[in-house]
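Okay, target20.txt is below, compact mmCIF, C-alpha atoms:
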# COMPACT_ATOMS: atom_id res chain seq x y z
CA MET B 20 10.32 19.44 -16.27
CA GLY B 21 7.13 19.34 -14.36
CA LYS B 22 5.08 16.22 -13.91
CA HIS B 23 1.72 15.55 -15.50
CA ARG B 24 -1.26 13.45 -14.63
CA ARG B 25 -4.62 12.90 -16.13
CA PRO B 26 -8.06 12.47 -14.55
CA LEU B 27 -10.79 10.01 -15.37
CA VAL B 28 -13.85 11.33 -17.04
CA GLY B 29 -17.15 9.73 -17.80
CA ASP B 30 -16.52 6.47 -19.55
CA LYS B 31 -12.89 7.40 -19.74
CA HIS B 32 -10.14 8.29 -17.37
CA LEU B 33 -8.20 11.50 -17.19
CA ARG B 34 -4.60 11.45 -16.21
CA ARG B 35 -1.85 13.79 -15.43
CA ARG B 36 1.74 13.56 -14.49
CA GLY B 37 2.86 14.41 -11.03
CA ARG B 38 4.08 12.93 -7.82
CA LEU B 39 1.55 11.22 -5.67
CA LYS B 40 1.18 9.98 -2.17
CA TYR B 41 -1.42 8.09 -0.23
CA THR B 42 -1.85 7.22 3.38
CA LEU B 43 -2.33 3.50 3.21
CA VAL B 44 -4.92 2.15 5.50
CA VAL B 45 -5.11 -1.60 5.52
CA LEU B 46 -8.54 -2.40 6.83
CA ALA B 47 -8.66 -5.60 8.79
CA ALA B 48 -12.37 -5.63 8.29
CA ALA B 49 -14.22 -5.12 5.04
CA THR B 50 -14.80 -1.84 3.27
CA THR B 51 -17.72 -0.85 1.09
CA VAL B 52 -16.71 -0.23 -2.50
CA LEU B 53 -19.35 0.81 -5.01
CA GLY B 54 -22.01 -0.47 -2.68
CA ILE B 55 -20.32 -3.88 -2.45
CA THR B 56 -18.64 -4.89 0.78
CA VAL B 57 -15.26 -6.38 -0.03
CA PRO B 58 -11.76 -6.35 1.45
CA LEU B 59 -9.70 -3.75 -0.39
CA PHE B 60 -6.31 -5.27 0.23
CA ALA B 61 -5.92 -8.98 0.66
CA LYS B 62 -2.28 -8.84 1.60
CA GLU B 63 0.45 -6.46 2.52
CA SER B 64 4.01 -7.35 3.35
CA ALA B 65 5.77 -6.24 6.51
CA TYR B 66 7.41 -3.41 4.61
CA ALA B 67 6.32 -0.23 6.27
CA GLY B 68 8.86 1.52 5.52
CA SER B 69 1.63 21.01 -8.91
CA PHE B 70 -0.32 20.02 -11.40
CA ASN B 71 -3.37 22.16 -10.97
CA ARG B 72 -5.49 21.29 -13.97
CA PRO B 73 -8.88 22.77 -14.73
CA GLY B 74 -11.81 20.44 -14.43
CA ARG B 75 -12.08 20.23 -18.18
CA CYS B 76 -9.91 20.93 -21.19
CA PRO B 77 -11.18 23.57 -23.62
CA GLY B 78 -13.04 22.09 -26.56
CA GLN B 79 -12.70 18.60 -25.21
CA ASN B 80 -15.21 15.83 -25.81
CA PRO B 81 -17.39 15.60 -22.66
CA LEU B 82 -16.58 11.91 -22.49
CA ASN B 83 -12.85 12.51 -22.65
CA PRO B 84 -11.29 10.64 -19.75
CA HIS B 85 -7.80 12.09 -19.68
CA CYS B 86 -8.31 15.82 -19.81
CA ARG B 87 -5.56 17.83 -18.27
CA THR B 88 -3.99 21.13 -19.06
CA ALA B 89 -0.31 20.82 -19.75
CA THR B 90 2.34 23.22 -18.61
CA PRO B 91 3.49 25.01 -21.77
CA THR B 92 6.47 23.26 -23.29
CA PRO B 93 8.56 24.06 -26.32
CA SER B 94 6.95 22.77 -29.47
CA SER B 95 8.61 19.74 -30.98
CA THR B 96 8.58 18.01 -34.31
CA TYR B 97 6.60 14.82 -33.95
CA SER B 98 6.27 11.90 -36.26
CA SER B 99 4.43 8.80 -35.22
CA PRO B 100 6.54 5.68 -35.63
CA SER B 101 4.89 3.11 -37.84
CA PRO B 102 4.40 -0.46 -36.57
CA SER B 103 7.29 -1.56 -38.73
CA THR B 104 9.68 1.10 -37.50
CA SER B 105 12.87 -0.41 -36.24
CA PRO B 106 14.28 1.04 -33.02
CA SER B 107 17.82 1.34 -31.90
CA PRO B 108 17.71 -1.13 -29.01
CA SER B 109 21.43 -1.63 -28.74
CA THR B 110 22.45 2.00 -28.51
CA SER B 111 21.46 4.82 -26.24
CA PRO B 112 19.59 7.49 -28.23
CA SER B 113 20.98 10.98 -28.16
CA PRO B 114 18.98 13.65 -26.31
CA THR B 115 18.07 15.30 -29.60
CA SER B 116 16.78 12.20 -31.36
CA THR B 117 13.15 11.12 -31.51
CA PRO B 118 12.89 7.74 -29.75
CA THR B 119 11.26 4.93 -31.65
CA LEU B 120 9.72 1.77 -30.27
CA THR B 121 9.74 -1.69 -31.79
CA THR B 122 6.68 -3.79 -32.41
CA THR B 123 8.39 -7.15 -32.38
CA PRO B 124 7.52 -9.91 -29.87
CA SER B 125 9.13 -9.34 -26.51
CA PRO B 126 11.88 -11.78 -25.53
CA SER B 127 11.98 -13.32 -22.09
CA ALA B 128 14.08 -11.39 -19.62
CA SER B 129 17.13 -13.05 -18.20
CA SER B 130 16.54 -15.49 -15.36
CA GLY B 131 18.68 -16.40 -12.38
CA PRO B 132 19.59 -14.69 -9.13
CA PRO B 133 19.08 -10.93 -8.97
CA ASP B 134 21.97 -8.59 -9.57
CA SER B 135 22.47 -5.18 -7.99
CA GLY B 136 22.64 -2.96 -11.04
CA PRO B 137 20.15 -0.78 -12.93
CA PRO B 138 18.26 -2.07 -15.99
CA ASP B 139 20.02 -2.44 -19.31
CA LYS B 140 19.82 0.74 -21.36
CA ALA B 141 18.06 -1.14 -24.16
CA GLY B 142 15.38 -2.47 -21.81
CA TYR B 143 14.00 -6.01 -21.78
CA PHE B 144 10.60 -5.79 -23.50
CA SER B 145 9.40 -4.22 -26.72
CA LEU B 146 6.14 -2.98 -28.15
CA ARG B 147 3.92 -5.71 -29.53
CA ALA B 148 2.09 -4.93 -32.75
CA VAL B 149 -1.61 -4.15 -33.03
CA GLY B 150 -3.55 -7.38 -32.53
CA GLY B 151 -1.00 -8.63 -30.02
CA TRP B 152 -3.51 -8.26 -27.22
CA SER B 153 -4.88 -11.74 -27.87
CA SER B 154 -1.59 -13.45 -27.04
CA LEU B 155 -0.26 -11.34 -24.18
CA PRO B 156 1.22 -13.30 -21.24
CA ASP B 157 -0.49 -13.33 -17.85
CA ASP B 158 0.67 -12.09 -14.46
CA ALA B 159 2.64 -15.20 -13.54
CA ALA B 160 4.34 -15.55 -16.90
CA CYS B 161 5.48 -11.94 -16.79
CA ALA B 162 6.67 -12.27 -13.21
CA SER B 163 8.97 -15.06 -14.40
CA ARG B 164 10.33 -12.89 -17.21
CA VAL B 165 11.26 -9.89 -15.09
CA HIS B 166 14.98 -9.14 -14.92
CA ARG B 167 15.50 -9.24 -11.19
CA SER B 168 17.78 -6.75 -9.49
CA THR B 169 18.09 -5.32 -6.00
CA TRP B 170 18.60 -1.87 -7.57
CA GLU B 171 16.09 0.51 -6.01
CA PRO B 172 16.55 4.24 -6.53
CA ARG B 173 13.24 4.91 -4.75
CA PRO B 174 13.31 3.16 -1.35
CA ASP B 175 10.38 5.38 -0.32
CA ASN B 176 8.22 3.17 -2.58
CA VAL B 177 9.03 -0.08 -0.79
CA LYS B 178 5.80 -0.45 1.17
CA ARG B 179 3.54 0.32 -1.77
CA ASN B 180 5.71 -1.78 -4.06
CA HIS B 181 4.87 -4.71 -1.79
CA THR B 182 1.14 -4.06 -1.48
CA GLU B 183 -1.25 -5.99 -3.70
CA PRO B 184 -4.92 -4.97 -3.80
CA ASP B 185 -7.60 -7.59 -3.45
CA PRO B 186 -8.23 -8.57 -7.09
CA ASP B 187 -11.95 -9.12 -6.50
CA ALA B 188 -12.27 -5.61 -5.08
CA VAL B 189 -10.45 -4.20 -8.10
CA HIS B 190 -12.60 -6.09 -10.58
CA GLN B 191 -15.84 -5.14 -8.85
CA SER B 192 -14.84 -1.48 -8.66
CA LEU B 193 -13.91 -1.21 -12.34
CA ALA B 194 -16.78 -3.38 -13.57
CA ALA B 195 -19.27 -1.14 -11.77
CA ARG B 196 -18.12 1.71 -14.00
CA PRO B 197 -18.12 0.33 -17.56
CA ARG B 198 -16.49 2.29 -20.38
CA ALA B 199 -18.16 0.82 -23.45
CA VAL B 200 -21.29 2.94 -23.21
CA ALA B 201 -23.04 4.31 -26.32
CA GLY B 202 -20.17 3.28 -28.55
CA THR B 203 -17.50 5.22 -26.67
CA TYR B 204 -15.16 2.21 -26.38
CA ASP B 205 -14.82 -1.18 -27.96
CA THR B 206 -16.68 -3.73 -25.82
CA ARG B 207 -13.39 -5.54 -25.19
CA TRP B 208 -12.37 -2.60 -23.02
CA ASP B 209 -14.79 -3.87 -20.36
CA THR B 210 -14.89 -7.58 -21.07
CA TRP B 211 -11.16 -8.14 -21.51
CA LEU B 212 -8.97 -5.12 -20.77
CA LEU B 213 -10.31 -3.77 -17.46
CA ALA B 214 -11.09 -7.30 -16.32
CA ARG B 215 -7.38 -8.08 -16.68
CA VAL B 216 -6.14 -5.27 -14.41
CA ASP B 217 -5.35 -6.56 -10.92
CA GLY B 218 -2.00 -5.28 -9.61
CA GLN B 219 -0.91 -8.74 -8.49
CA PHE B 220 2.85 -8.31 -8.37
CA THR B 221 5.46 -7.15 -5.87
CA GLY B 222 9.06 -6.16 -6.41
CA THR B 223 11.33 -3.18 -6.83
CA THR B 224 10.08 -0.12 -8.63
CA ASP B 225 11.84 -1.11 -11.84
CA GLU B 226 10.69 -4.73 -11.64
CA ILE B 227 7.11 -3.47 -11.50
CA PHE B 228 7.68 -1.44 -14.67
CA GLN B 229 9.02 -4.54 -16.42
CA TRP B 230 6.14 -6.71 -15.25
CA ALA B 231 3.49 -4.30 -16.50
CA ALA B 232 5.29 -3.76 -19.82
CA CYS B 233 5.43 -7.52 -20.36
CA LYS B 234 1.77 -7.98 -19.40
CA TRP B 235 0.51 -5.33 -21.80
CA GLY B 236 2.99 -5.73 -24.64
CA LEU B 237 4.77 -2.40 -24.19
CA SER B 238 8.35 -1.20 -24.11
CA ASP B 239 9.59 -1.14 -20.53
CA ASN B 240 11.73 1.88 -21.36
CA LEU B 241 8.58 3.72 -22.45
CA VAL B 242 6.94 2.88 -19.12
CA ARG B 243 10.02 4.12 -17.27
CA ALA B 244 10.02 7.39 -19.21
CA ILE B 245 6.33 8.06 -18.56
CA ALA B 246 6.90 7.51 -14.84
CA VAL B 247 9.77 10.01 -14.91
CA VAL B 248 7.45 12.66 -16.30
CA GLU B 249 4.53 11.75 -14.08
CA SER B 250 6.15 11.43 -10.66
CA THR B 251 9.95 11.23 -10.85
CA TRP B 252 9.30 7.57 -9.95
CA TYR B 253 7.66 8.27 -6.58
CA GLN B 254 4.53 6.29 -5.84
CA TYR B 255 3.28 8.48 -2.98
CA LEU B 256 5.47 10.81 -0.95
CA THR B 257 4.21 12.53 2.19
CA TYR B 258 5.47 14.84 4.88
CA PRO B 259 5.70 13.46 8.43
CA SER B 260 2.13 14.58 9.14
CA GLY B 261 0.83 12.53 6.24
CA ARG B 262 0.23 15.57 4.05
CA PRO B 263 1.02 14.54 0.46
CA VAL B 264 3.92 16.09 -1.42
CA VAL B 265 2.15 17.44 -4.49
CA ASP B 266 3.48 16.12 -7.80
CA TYR B 267 5.35 13.24 -6.17
CA GLY B 268 2.68 10.57 -6.36
CA SER B 269 -0.36 12.82 -6.06
CA GLY B 270 -1.50 16.03 -7.65
CA ASP B 271 -3.87 17.67 -10.12
CA MET B 272 -5.33 19.54 -7.19
CA MET B 273 -9.03 20.20 -7.38
CA ALA B 274 -9.72 23.85 -8.04
CA ALA B 275 -11.77 25.60 -5.38
CA ARG B 276 -15.53 25.49 -5.92
CA THR B 277 -15.34 22.83 -8.63
CA THR B 278 -18.75 21.28 -9.22
CA GLY B 279 -18.94 17.88 -7.56
CA ALA B 280 -15.61 18.32 -5.75
CA ASP B 281 -17.16 17.97 -2.29
CA THR B 282 -18.60 14.59 -3.23
CA PHE B 283 -15.31 13.37 -4.67
CA CYS B 284 -13.13 14.67 -1.85
CA ALA B 285 -15.46 13.26 0.80
CA GLY B 286 -15.56 9.93 -1.01
CA ILE B 287 -11.82 9.41 -1.15
CA ALA B 288 -11.49 10.64 2.44
CA ALA B 289 -13.12 7.38 3.50
CA PHE B 290 -9.89 5.59 2.57
CA GLY B 291 -7.46 6.86 5.15
CA ARG B 292 -7.03 10.60 4.78
CA ASP B 293 -9.22 13.65 4.36
CA TYR B 294 -7.14 15.81 2.04
CA GLN B 295 -9.43 18.75 2.63
CA GLN B 296 -7.78 19.08 6.03
CA ASP B 297 -4.53 19.65 4.17
CA PHE B 298 -5.70 21.87 1.33
CA GLY B 299 -9.11 23.31 2.20
CA ALA B 300 -12.78 22.53 1.68
CA GLY B 301 -13.50 20.88 -1.65
CA ILE B 302 -9.81 20.71 -2.56
CA CYS B 303 -8.00 17.38 -2.88
CA PRO B 304 -5.76 15.53 -5.34
CA ARG B 305 -7.45 14.18 -8.45
CA THR B 306 -4.46 12.11 -9.52
CA PHE B 307 -2.47 9.50 -7.64
CA SER B 308 0.50 7.20 -8.15
CA ILE B 309 3.82 6.82 -9.86
CA ALA B 310 2.01 6.61 -13.20
CA GLY B 311 -0.35 9.56 -12.78
CA VAL B 312 -3.67 7.71 -12.60
CA MET B 313 -6.52 10.17 -12.30
CA ALA B 314 -9.47 9.17 -10.16
CA TRP B 315 -11.70 12.23 -10.65
CA GLN B 316 -14.88 11.98 -12.68
CA ALA B 317 -16.56 15.29 -13.39
CA PRO B 318 -20.30 14.99 -12.65
CA SER B 319 -21.24 16.47 -16.02
CA TRP B 320 -19.29 13.75 -17.82
CA GLY B 321 -21.15 10.76 -16.45
CA THR B 322 -22.76 9.14 -13.47
CA MET B 323 -19.85 7.33 -11.87
CA ARG B 324 -20.45 6.78 -8.19
CA GLY B 325 -18.70 9.25 -5.96
CA ASN B 326 -17.48 11.18 -9.01
CA GLN B 327 -14.53 8.80 -9.42
CA ASN B 328 -13.67 6.08 -11.90
CA GLY B 329 -13.00 3.22 -9.52
CA THR B 330 -9.19 3.34 -9.46
CA PHE B 331 -8.96 4.82 -5.96
CA PRO B 332 -7.62 3.84 -3.43
CA PHE B 333 -5.86 1.07 -5.37
CA SER B 334 -3.81 3.49 -7.48
CA ARG B 335 -2.52 5.26 -4.37
CA ASP B 336 -1.85 2.20 -2.26
CA SER B 337 -0.30 -0.18 -4.78
CA THR B 338 2.44 0.66 -7.24
CA ALA B 339 1.72 -2.48 -9.25
CA PHE B 340 -1.94 -1.58 -9.66
CA ALA B 341 -1.10 1.94 -10.82
CA VAL B 342 1.37 0.81 -13.47
CA ASP B 343 -0.85 -2.11 -14.46
CA TYR B 344 -3.75 0.27 -15.04
CA MET B 345 -1.73 2.85 -16.95
CA ALA B 346 -0.24 0.19 -19.22
CA SER B 347 -3.68 -1.27 -19.90
CA GLN B 348 -4.93 2.10 -21.10
CA LEU B 349 -2.03 2.48 -23.49
CA ARG B 350 -2.65 -0.99 -24.94
CA GLY B 351 -6.37 -0.36 -25.43
CA CYS B 352 -5.73 2.96 -27.12
CA TYR B 353 -2.99 1.43 -29.29
CA GLU B 354 -5.37 -1.34 -30.38
CA GLY B 355 -7.79 1.34 -31.59
CA TRP B 356 -10.43 0.64 -28.96
CA GLU B 357 -11.06 4.22 -27.79
CA SER B 358 -13.85 4.86 -30.24
CA TRP B 359 -14.69 8.26 -28.79
CA LEU B 360 -11.31 9.58 -29.96
CA GLY B 361 -12.50 9.05 -33.52
CA ASP B 362 -15.37 11.42 -32.79
CA THR B 363 -12.95 14.18 -31.83
CA SER B 364 -10.18 13.53 -34.35
CA SER B 365 -10.31 12.09 -37.85
CA THR B 366 -6.73 10.85 -37.48
CA TYR B 367 -7.25 8.49 -34.54
CA ALA B 368 -6.34 4.97 -35.56
CA ALA B 369 -4.74 1.87 -34.12
CA GLY B 370 -0.96 1.64 -34.13
CA ASP B 371 0.07 5.11 -32.95
CA ILE B 372 1.70 4.52 -29.57
CA TRP B 373 2.90 8.11 -29.24
CA GLY B 374 -0.58 9.41 -29.87
CA CYS B 375 -1.73 7.18 -27.04
CA VAL B 376 0.99 8.50 -24.74
CA GLY B 377 -0.22 12.04 -25.40
CA ASN B 378 -3.80 10.94 -24.89
CA TRP B 379 -2.88 9.46 -21.50
CA TYR B 380 -1.96 12.97 -20.40
CA SER B 381 -4.35 15.27 -22.21
CA GLY B 382 -7.33 13.13 -23.12
CA GLU B 383 -6.92 14.45 -26.64
CA TRP B 384 -5.43 13.16 -29.87
CA HIS B 385 -2.26 15.00 -30.91
CA SER B 386 -3.48 18.29 -29.48
CA ALA B 387 -0.97 20.95 -28.42
CA ALA B 388 -1.14 19.70 -24.83
CA ALA B 389 -0.66 16.10 -25.95
CA GLU B 390 2.30 17.03 -28.15
CA GLY B 391 3.97 18.83 -25.27
CA TYR B 392 3.64 15.75 -23.10
CA ILE B 393 4.86 13.47 -25.88
CA SER B 394 7.91 15.69 -26.25
CA ASN B 395 8.61 15.47 -22.52
CA VAL B 396 8.36 11.69 -22.47
CA GLN B 397 10.48 11.36 -25.60
CA GLN B 398 13.17 13.53 -24.03
CA GLU B 399 13.29 11.38 -20.89
CA LEU B 400 13.39 8.26 -23.05
CA ALA B 401 16.20 9.61 -25.19
CA ASN B 402 18.16 10.70 -22.13
CA LEU B 403 17.56 7.43 -20.25
CA THR B 404 17.12 9.67 -17.23
CA TRP B 405 16.81 6.78 -14.76
CA LEU B 406 20.38 5.73 -15.56
CA LYS B 407 21.89 9.10 -14.66
CA PRO B 408 24.24 9.07 -11.63
CA ASP B 409 22.10 11.54 -9.68
CA TRP B 410 18.79 9.70 -10.24
CA PRO B 411 18.74 7.99 -6.80
CA THR B 412 19.16 11.36 -5.08
CA ASP B 413 16.43 13.16 -7.06
CA LYS B 414 14.04 14.01 -4.25
CA PRO B 415 12.13 17.15 -3.20
CA PRO B 416 13.81 19.19 -0.46
CA CYS B 417 12.58 19.52 3.08
CA ASN B 418 9.86 22.09 3.66
CA ARG B 419 10.26 24.65 6.43
CA THR B 420 6.64 24.20 7.46
CA TYR B 421 5.94 20.52 6.81
CA GLY B 422 9.31 18.86 7.30
CA CYS B 423 11.18 16.36 5.15
CA PRO B 424 9.29 14.16 2.67
CA GLY B 425 9.38 10.40 2.97
CA PRO B 426 7.28 7.25 2.66
CA ASP B 427 3.77 7.16 4.02
CA PRO B 428 4.13 6.54 7.78
CA LEU B 429 0.98 4.43 8.07
Take the structure I supplied and represent it as structure tokens, if you would.
Amino acid sequence: MGKHRRPLVGDKHLRRRGRLKYTLVVLAAATTVLGITVPLFAKESAYAGSFNRPGRCPGQNPLNPHCRTATPTPSSTYSSPSPSTSPSPSTSPSPTSTPTLTTTPSPSASSGPPDSGPPDKAGYFSLRAVGGWSSLPDDAACASRVHRSTWEPRPDNVKRNHTEPDPDAVHQSLAARPRAVAGTYDTRWDTWLLARVDGQFTGTTDEIFQWAACKWGLSDNLVRAIAVVESTWYQYLTYPSGRPVVDYGSGDMMAARTTGADTFCAGIAAFGRDYQQDFGAGICPRTFSIAGVMAWQAPSWGTMRGNQNGTFPFSRDSTAFAVDYMASQLRGCYEGWESWLGDTSSTYAAGDIWGCVGNWYSGEWHSAAAEGYISNVQQELANLTWLKPDWPTDKPPCNRTYGCPGPDPL
């Protein structure tokens, strides 16, 4: 299956799944973000270790933040699990079953010294019901609930797994681009949800998934499955030259001559790499990270500075930020706070987590593209792909021209 990612648009963010990579540049000095001079990354440990979507989905609301065009996938029968649906947490679902997700309070993960094995097939956290946002645990509480393990099928992520963005820089960047404009989002999207995103956690790839799931009241197995579809669990792979490996942490390549692309590509080039040198003038990735966070903001959809939504370079440089952000968007959608979706679909309502998963990819509510993505994620969830014996070796092959992919060398 291919990966998908969605871009950010207007007061919303578009996403798509793919594999992303970013050349991390830790600036010792300060960097200007949104006209505010702030350090982008307060700390970094010593670890140094194609989704070409059109600029806009047909018939999509101009404010739609997640628009991407999915690769055609077989149609699937979809039924949204109700908040009271009981999952099968103690048994591994068969590949042909439709996964369900609980909405019961999440138990604390086991404590004690880390082991060396993969996560339990049932996961450690479950979906909290609508309204659960008001009692979600904070960063520190969730860090203490993570089931610790040295298991790391993606050692190429180590550096970015141990990079935390400066929280003030994150907050200023997101706050400068509010979502709740003209009734498009519930005001809590700006005042509570985006203000809570900070990426302040380090650990293995799977520990980061657990932390974000705990923080936003989601199933950690759902987060794992989305990351399989988006990037095959790679935060940002590159070739030795620094050229990103498309669909492994970066992707949704800008189509040539896209309006506003020069502004966007030049803007993100200020953070360590000019992707136009890799792909051509006005062509660069719109999506970054293990979770497929789209940074692109089409000029016609809003007035966001630099044609991007404020997630870059954080989404590229920090695995925790990327997963934190993605999980926050699912929670907000699940709570019913994406008011604009109600303008495009009469069926949008709180409590449909699968609808929100599809929206994360397509920027639409149960459209054909969204349903295809939902089907892909459900298949990975049912298969528990990350527990397969060959998962640690799932990596793109070497390229005759560019060499063998690996972690960002910078």
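Shortest atom-to-atom contact with B:Cys303 among B:Tyr392, B:Tyr204, B:Phe290, B:Phe283: B:Phe283, counting only C-alpha atoms.
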Which of B:Ala231, B:Leu403, B:Ala389, B:Cys284 sits closest to B:Ala314 [using all atoms listed in the file]:
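Closest residue, counting all atoms listed in the file: B:Cys284.
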From (8.9, 5.8, -2.6), in the file's coordinates, out to 8 Å: which residues are reached, counting all atoms listed in the file? Answer as a list in words.
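Every residue inside that radius is included here: Arg173, Pro174, Asp175, Asn176, Val177, Lys178, Arg179, Trp252, Tyr253, Gln254, Tyr255, Leu256, Gly425 and Pro426 of chain B.
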Spatial neighbours of B:Ala275, 10 Å, all atoms listed in the file, chain gap at least 6 places, as a PyMOL selection string
chain B and resi 281+298-303
Spatial neighbours of stretch 414-419 of chain B, max dist 9 Å, all atoms listed in the file, sep filter under 2 positions, as a tab-separated table (two decimals) with C-alpha atoms, in the coordinates of the input:
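Done, and the output landed in result_25.tsv:
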chain	number	residue	atom	x	y	z
B	251	THR	CA	9.95	11.23	-10.85
B	253	TYR	CA	7.66	8.27	-6.58
B	258	TYR	CA	5.47	14.84	4.88
B	264	VAL	CA	3.92	16.09	-1.42
B	267	TYR	CA	5.35	13.24	-6.17
B	410	TRP	CA	18.79	9.70	-10.24
B	411	PRO	CA	18.74	7.99	-6.80
B	412	THR	CA	19.16	11.36	-5.08
B	421	TYR	CA	5.94	20.52	6.81
B	422	GLY	CA	9.31	18.86	7.30
B	423	CYS	CA	11.18	16.36	5.15
B	424	PRO	CA	9.29	14.16	2.67
Expected file for stretch 192-214 of chain B keeping N, CA and C atoms, as a PDB file, in the first residue's frame:
ATOM      1  N   SER B 192       4.065  29.956  16.739  1.00  0.00           N
ATOM      2  CA  SER B 192       3.846  29.653  15.330  1.00  0.00           C
ATOM      3  C   SER B 192       2.400  29.261  15.055  1.00  0.00           C
ATOM      4  N   LEU B 193       1.834  28.412  15.899  1.00  0.00           N
ATOM      5  CA  LEU B 193       0.452  27.969  15.700  1.00  0.00           C
ATOM      6  C   LEU B 193      -0.547  29.072  16.049  1.00  0.00           C
ATOM      7  N   ALA B 194      -0.252  29.825  17.105  1.00  0.00           N
ATOM      8  CA  ALA B 194      -1.171  30.891  17.525  1.00  0.00           C
ATOM      9  C   ALA B 194      -1.258  31.995  16.474  1.00  0.00           C
ATOM     10  N   ALA B 195      -0.185  32.180  15.712  1.00  0.00           N
ATOM     11  CA  ALA B 195      -0.183  33.221  14.689  1.00  0.00           C
ATOM     12  C   ALA B 195      -1.056  32.851  13.497  1.00  0.00           C
ATOM     13  N   ARG B 196      -1.514  31.598  13.478  1.00  0.00           N
ATOM     14  CA  ARG B 196      -2.368  31.142  12.384  1.00  0.00           C
ATOM     15  C   ARG B 196      -3.628  30.488  12.970  1.00  0.00           C
ATOM     16  N   PRO B 197      -4.505  31.251  13.549  1.00  0.00           N
ATOM     17  CA  PRO B 197      -5.691  30.689  14.204  1.00  0.00           C
ATOM     18  C   PRO B 197      -6.611  29.968  13.234  1.00  0.00           C
ATOM     19  N   ARG B 198      -7.330  28.972  13.742  1.00  0.00           N
ATOM     20  CA  ARG B 198      -8.258  28.191  12.932  1.00  0.00           C
ATOM     21  C   ARG B 198      -9.699  28.693  13.051  1.00  0.00           C
ATOM     22  N   ALA B 199     -10.063  29.101  14.255  1.00  0.00           N
ATOM     23  CA  ALA B 199     -11.467  29.459  14.508  1.00  0.00           C
ATOM     24  C   ALA B 199     -11.784  30.835  13.921  1.00  0.00           C
ATOM     25  N   VAL B 200     -11.854  30.876  12.606  1.00  0.00           N
ATOM     26  CA  VAL B 200     -12.126  32.118  11.891  1.00  0.00           C
ATOM     27  C   VAL B 200     -13.463  31.972  11.163  1.00  0.00           C
ATOM     28  N   ALA B 201     -14.353  32.913  11.363  1.00  0.00           N
ATOM     29  CA  ALA B 201     -15.653  32.919  10.681  1.00  0.00           C
ATOM     30  C   ALA B 201     -16.422  31.619  10.901  1.00  0.00           C
ATOM     31  N   GLY B 202     -16.319  31.083  12.106  1.00  0.00           N
ATOM     32  CA  GLY B 202     -17.094  29.907  12.453  1.00  0.00           C
ATOM     33  C   GLY B 202     -16.598  28.600  11.878  1.00  0.00           C
ATOM     34  N   THR B 203     -15.364  28.568  11.364  1.00  0.00           N
ATOM     35  CA  THR B 203     -14.858  27.347  10.742  1.00  0.00           C
ATOM     36  C   THR B 203     -14.502  26.260  11.752  1.00  0.00           C
ATOM     37  N   TYR B 204     -14.114  26.658  12.951  1.00  0.00           N
ATOM     38  CA  TYR B 204     -13.784  25.725  14.029  1.00  0.00           C
ATOM     39  C   TYR B 204     -14.383  26.239  15.330  1.00  0.00           C
ATOM     40  N   ASP B 205     -14.561  25.328  16.252  1.00  0.00           N
ATOM     41  CA  ASP B 205     -14.916  25.717  17.608  1.00  0.00           C
ATOM     42  C   ASP B 205     -13.751  26.533  18.177  1.00  0.00           C
ATOM     43  N   THR B 206     -14.059  27.549  18.974  1.00  0.00           N
ATOM     44  CA  THR B 206     -13.005  28.410  19.512  1.00  0.00           C
ATOM     45  C   THR B 206     -12.003  27.648  20.363  1.00  0.00           C
ATOM     46  N   ARG B 207     -12.424  26.504  20.921  1.00  0.00           N
ATOM     47  CA  ARG B 207     -11.493  25.712  21.736  1.00  0.00           C
ATOM     48  C   ARG B 207     -10.351  25.138  20.917  1.00  0.00           C
ATOM     49  N   TRP B 208     -10.522  25.109  19.594  1.00  0.00           N
ATOM     50  CA  TRP B 208      -9.439  24.619  18.737  1.00  0.00           C
ATOM     51  C   TRP B 208      -8.195  25.491  18.931  1.00  0.00           C
ATOM     52  N   ASP B 209      -8.389  26.788  19.032  1.00  0.00           N
ATOM     53  CA  ASP B 209      -7.270  27.711  19.232  1.00  0.00           C
ATOM     54  C   ASP B 209      -6.905  27.853  20.705  1.00  0.00           C
ATOM     55  N   THR B 210      -7.906  28.036  21.546  1.00  0.00           N
ATOM     56  CA  THR B 210      -7.631  28.360  22.940  1.00  0.00           C
ATOM     57  C   THR B 210      -7.164  27.175  23.768  1.00  0.00           C
ATOM     58  N   TRP B 211      -7.563  25.970  23.379  1.00  0.00           N
ATOM     59  CA  TRP B 211      -7.180  24.790  24.154  1.00  0.00           C
ATOM     60  C   TRP B 211      -6.377  23.787  23.341  1.00  0.00           C
ATOM     61  N   LEU B 212      -6.884  23.379  22.181  1.00  0.00           N
ATOM     62  CA  LEU B 212      -6.269  22.271  21.451  1.00  0.00           C
ATOM     63  C   LEU B 212      -4.881  22.623  20.906  1.00  0.00           C
ATOM     64  N   LEU B 213      -4.782  23.621  20.027  1.00  0.00           N
ATOM     65  CA  LEU B 213      -3.480  23.968  19.472  1.00  0.00           C
ATOM     66  C   LEU B 213      -2.520  24.469  20.546  1.00  0.00           C
ATOM     67  N   ALA B 214      -3.062  25.108  21.565  1.00  0.00           N
ATOM     68  CA  ALA B 214      -2.212  25.606  22.652  1.00  0.00           C
ATOM     69  C   ALA B 214      -1.600  24.465  23.460  1.00  0.00           C
TER      70      ALA B 214
END
